[in-house]
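Structure record follows, encoded as structure tokens.
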Amino acid sequence: MKRTNKTTKVSLAGLILLLLFVSVLLPGLAERVDADVINLNFVSFATGVDAGPQDGIFDSFTILNLGSVNNNGYTSFRTAFEFSLVDLPSGSRINSANLSVVLSNFEGTRSIEVHGYAGDGNVQLGDFALNRLVDTTSADASGTQTYIFDVTSFVANLVRNGDTFAGFNIREEPTNVSNFVVMVIAFCGLSIDYSMAQMVDVDIDIKPKSFPNSVNPGSKGVIPVAILTTDTFDATTLDPTTVFFGITGTEATLVHAALEDFDLDGDTDLILHFNTQATGIQCGDTSATLIGETFNGQIIQGADSINTVGCK
């Protein structure tokens with residue numbers, strides 16, 4: 001299947017140096033444009049070099065070539081940026097996310113790839129080699145341009161997972177052996193359009209048909225959780241792929257799901273299973289939470305009591 005290129009480019013003139021100046025002086029500053037849009041400057045950025053001959057391992061950071069992007073088949077430069085997501089309100093639903101990259105290219109048509117990763121607030125050498133393609137574009141030799149990359153799905157997954165930093169490494173792929181001029185990134189920013197969806201409380205039953213709901217935090221097994229259909233909520237409308245379960249409802253992802261009439265009341269309930277050690281449950285915890293979305297985008301949450309056992 002042919003990949004659809006979602007990237008667009010916009011011409012830019014004398015604003016580039018000003019933007020770079022502001023982004024360097026005020027790293028990580030979040031500017032709220034309105035109630036539903038937040039513009040983020042990077043909190044960390046760096047350029048790494050895989051010195052020739054390339055082996056896929058980035059050998060060092062480079063200050064001299066900061067902002068460089070190049071892959072001539074012998075030496076490779078990649079530049080990475082990390083953005084803090086902590087200014088997004090809890091429960092945010094990501095409508096769109098765009099990464100703006102001001103890049104200069106004065107030689108031929110070059111292929112640019114953006115790869116995403118969950119960062120930690122500081123670009124590490126190993127981050128340059130992380131591979132999760134998010135978007136791609138072609139940069140022609142028209143000087144300095146702003147390229148807009150669609151990173152919506154990637155950022156939404158980070159937010160859903162509870163990750164607090166979005167990282168992106170920008171590279172030239174595939175190899176372009178004919179190039180001699182290194183491309184340079186002058187600015188990178190992340191704009192996120194979000195909305196606050198009201199959570200609906202639903203009934204859940206941890207370890208159905210047992211009470212107290214005993215959980216051994218050291219167990220290598222799974223924890224079953226039933227989501228019950230009631231007069232106000234149909235459990236079959238929940239999208240199992242969006243569900244997380246644990247101490248805060250952001251920890252463990254689903255390992256198995258099944259539909260059945262668990263409470264024998266004539267309607268269909270949803271039974272989910274989660275790896276115990278992925279839930280973040282520790283000795284002494286007294287409750288756990290499940291958060292997910294219905295197929296039409298409604299966020300739901302439910303909580304139930306637990307009793308930790310096997311603790312010393």
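Chain labels follow the order of the structure tokens: the first chain is A, the next B, and so on; residue numbering restarts at 1 in every chain, and ligands are counted from 1 in their shown order.
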- Considering only C-alpha atoms, return as a count of residues only whatever protein or nucleic-acid residues lie within 10 Å of His273 of chain A, sequence-local ones (same chain, fewer than 6 positions apart) excluded. 16
Could you pull out all residues of segment 170-245 of chain A with a DSSP call of strand (DSSP E) and give them as an mmCIF file with C-alpha atoms, in the first residue's frame?
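Writing done, so here's result-v2.cif:
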```cif
data_model
loop_
_atom_site.group_PDB
_atom_site.id
_atom_site.type_symbol
_atom_site.label_atom_id
_atom_site.label_comp_id
_atom_site.auth_asym_id
_atom_site.auth_seq_id
_atom_site.Cartn_x
_atom_site.Cartn_y
_atom_site.Cartn_z
ATOM 1 C CA ILE A 170 14.606 13.640 12.910
ATOM 2 C CA ARG A 171 16.737 11.969 10.268
ATOM 3 C CA GLU A 172 17.450 11.655 6.566
ATOM 4 C CA MET A 183 20.639 20.131 6.342
ATOM 5 C CA VAL A 184 20.070 22.219 9.484
ATOM 6 C CA ILE A 185 17.051 22.545 11.786
ATOM 7 C CA ALA A 186 16.573 26.081 13.116
ATOM 8 C CA PHE A 187 13.411 25.529 15.163
ATOM 9 C CA CYS A 188 11.057 22.773 16.313
ATOM 10 C CA GLY A 189 7.744 23.206 18.128
ATOM 11 C CA LEU A 190 4.800 21.004 19.081
ATOM 12 C CA SER A 191 1.201 22.236 18.859
ATOM 13 C CA ILE A 192 -1.547 20.141 20.451
ATOM 14 C CA ASP A 193 -5.285 20.628 20.016
ATOM 15 C CA TYR A 194 -7.131 18.921 22.863
ATOM 16 C CA SER A 195 -10.533 18.788 24.492
ATOM 17 C CA MET A 196 -11.767 17.846 27.918
ATOM 18 C CA VAL A 200 -18.615 8.789 32.966
ATOM 19 C CA ASP A 201 -18.480 6.590 36.050
ATOM 20 C CA ILE A 204 -16.604 -2.511 37.665
ATOM 21 C CA ASP A 205 -15.934 -5.641 39.686
ATOM 22 C CA ILE A 206 -12.311 -6.624 40.303
ATOM 23 C CA SER A 214 -7.401 -10.204 47.030
ATOM 24 C CA VAL A 215 -4.418 -9.262 44.850
ATOM 25 C CA VAL A 222 -3.601 -11.833 35.625
ATOM 26 C CA ILE A 223 -6.353 -9.854 37.318
ATOM 27 C CA PRO A 224 -9.865 -10.211 35.871
ATOM 28 C CA VAL A 225 -12.054 -7.111 35.871
ATOM 29 C CA ALA A 226 -15.734 -7.115 34.919
ATOM 30 C CA ILE A 227 -17.411 -4.041 33.439
ATOM 31 C CA LEU A 238 -16.422 0.061 25.357
ATOM 32 C CA ASP A 239 -13.423 -0.218 23.014
ATOM 33 C CA PRO A 240 -11.154 -2.786 24.783
ATOM 34 C CA THR A 241 -8.039 -1.494 22.992
ATOM 35 C CA THR A 242 -8.322 1.836 24.863
ATOM 36 C CA VAL A 243 -8.585 0.391 28.365
ATOM 37 C CA PHE A 244 -5.944 0.762 31.090
ATOM 38 C CA PHE A 245 -6.081 -0.614 34.623
#
```
- Task: Name the residues in contact with segment 134-137 of chain A at a cut-off of 7 Å, using only C-alpha atoms, excluding same-chain residues fewer than 3 positions from it; report them as a PyMOL selection string.
- Result: chain A and resi 5+7+111-116+149-151+154
Would you mind exporting the chosen residues as a PDB file, in the first residue's frame, restricted to C-alpha atoms?
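Saved to out.pdb:
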```
ATOM      1  CA  ASN A   5       2.152  11.738   3.009  1.00  0.00           C
ATOM      2  CA  THR A   7       3.129  16.550   5.673  1.00  0.00           C
ATOM      3  CA  SER A 111      13.769  12.431   2.389  1.00  0.00           C
ATOM      4  CA  ILE A 112      13.048  13.381   6.005  1.00  0.00           C
ATOM      5  CA  GLU A 113      11.658  10.994   8.617  1.00  0.00           C
ATOM      6  CA  VAL A 114      10.347  11.763  12.112  1.00  0.00           C
ATOM      7  CA  HIS A 115      10.530   8.928  14.639  1.00  0.00           C
ATOM      8  CA  GLY A 116       8.840   9.186  18.029  1.00  0.00           C
ATOM      9  CA  PHE A 149       4.380  16.689  10.597  1.00  0.00           C
ATOM     10  CA  ASP A 150       1.186  14.988  11.770  1.00  0.00           C
ATOM     11  CA  VAL A 151       2.026  13.315  15.104  1.00  0.00           C
ATOM     12  CA  PHE A 154       1.692   9.112  18.527  1.00  0.00           C
TER      13      PHE A 154
END
```
- Message: Please list as an MDAnalysis selection string every residue within 6 Å of segment 48-56 of chain A, counting only C-alpha atoms and excluding residues in the same chain fewer than 6 positions away.
- Response: chainID A and resid 62 74:78
- Message: Which of segment 7-241 of chain A end up as helix (DSSP H, G or I) when DSSP is run on this backbone - answer as a PyMOL selection string?
- Response: chain A and resi 15-25+125-129+152-161+235-237
Phe106 of chain A: which residues within 8 Å, counting only C-alpha atoms, same-chain residues fewer than 2 positions away excluded, as a short mmCIF file (atom, residue, chain, number, x, y, z; two decimals) with N, CA and C atoms, in the first residue's frame?
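Final output, around.cif:
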```cif
data_model
loop_
_atom_site.label_atom_id
_atom_site.label_comp_id
_atom_site.auth_asym_id
_atom_site.auth_seq_id
_atom_site.Cartn_x
_atom_site.Cartn_y
_atom_site.Cartn_z
N SER A 104 16.54 23.90 6.81
CA SER A 104 17.20 24.47 5.64
C SER A 104 17.84 23.38 4.80
N GLY A 108 19.49 19.41 -3.68
CA GLY A 108 18.68 18.27 -4.11
C GLY A 108 17.43 18.06 -3.29
N ASP A 140 12.77 19.76 -0.69
CA ASP A 140 13.48 20.16 -1.91
C ASP A 140 14.49 21.26 -1.59
N ALA A 141 15.32 21.57 -2.57
CA ALA A 141 16.42 22.53 -2.35
C ALA A 141 15.93 23.95 -2.52
N SER A 142 14.96 24.33 -1.71
CA SER A 142 14.39 25.68 -1.83
C SER A 142 14.75 26.54 -0.63
N GLY A 143 15.82 26.19 0.05
CA GLY A 143 16.26 26.99 1.19
C GLY A 143 15.56 26.60 2.47
N VAL A 181 25.96 18.69 1.25
CA VAL A 181 25.57 19.78 2.14
C VAL A 181 24.67 19.24 3.25
N MET A 183 21.84 19.37 6.01
CA MET A 183 20.64 20.13 6.34
C MET A 183 20.69 20.56 7.80
#
```
- All residues 8 Å or closer to Phe61 of chain A, only C-alpha atoms, same chain fewer than 2 positions away omitted, as a ChimeraX atom specification: /A:46-49,59,63,125
Selection export as a PDB file, in the first residue's frame, atoms kept: C-alpha atoms:
```
ATOM      1  CA  ALA A  46      20.671  17.618  20.808  1.00  0.00           C
ATOM      2  CA  THR A  47      22.364  16.291  17.708  1.00  0.00           C
ATOM      3  CA  GLY A  48      24.110  12.939  17.604  1.00  0.00           C
ATOM      4  CA  VAL A  49      26.642  11.569  15.139  1.00  0.00           C
ATOM      5  CA  ASP A  59      28.933   7.633  19.068  1.00  0.00           C
ATOM      6  CA  ILE A  63      27.919  20.867  19.445  1.00  0.00           C
ATOM      7  CA  LEU A 125      22.555   9.120  22.847  1.00  0.00           C
TER       8      LEU A 125
END
```
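Atom pair atom CA of Leu272 of chain A / atom CA of Ser153 of chain A: separated by 24.0 Å.
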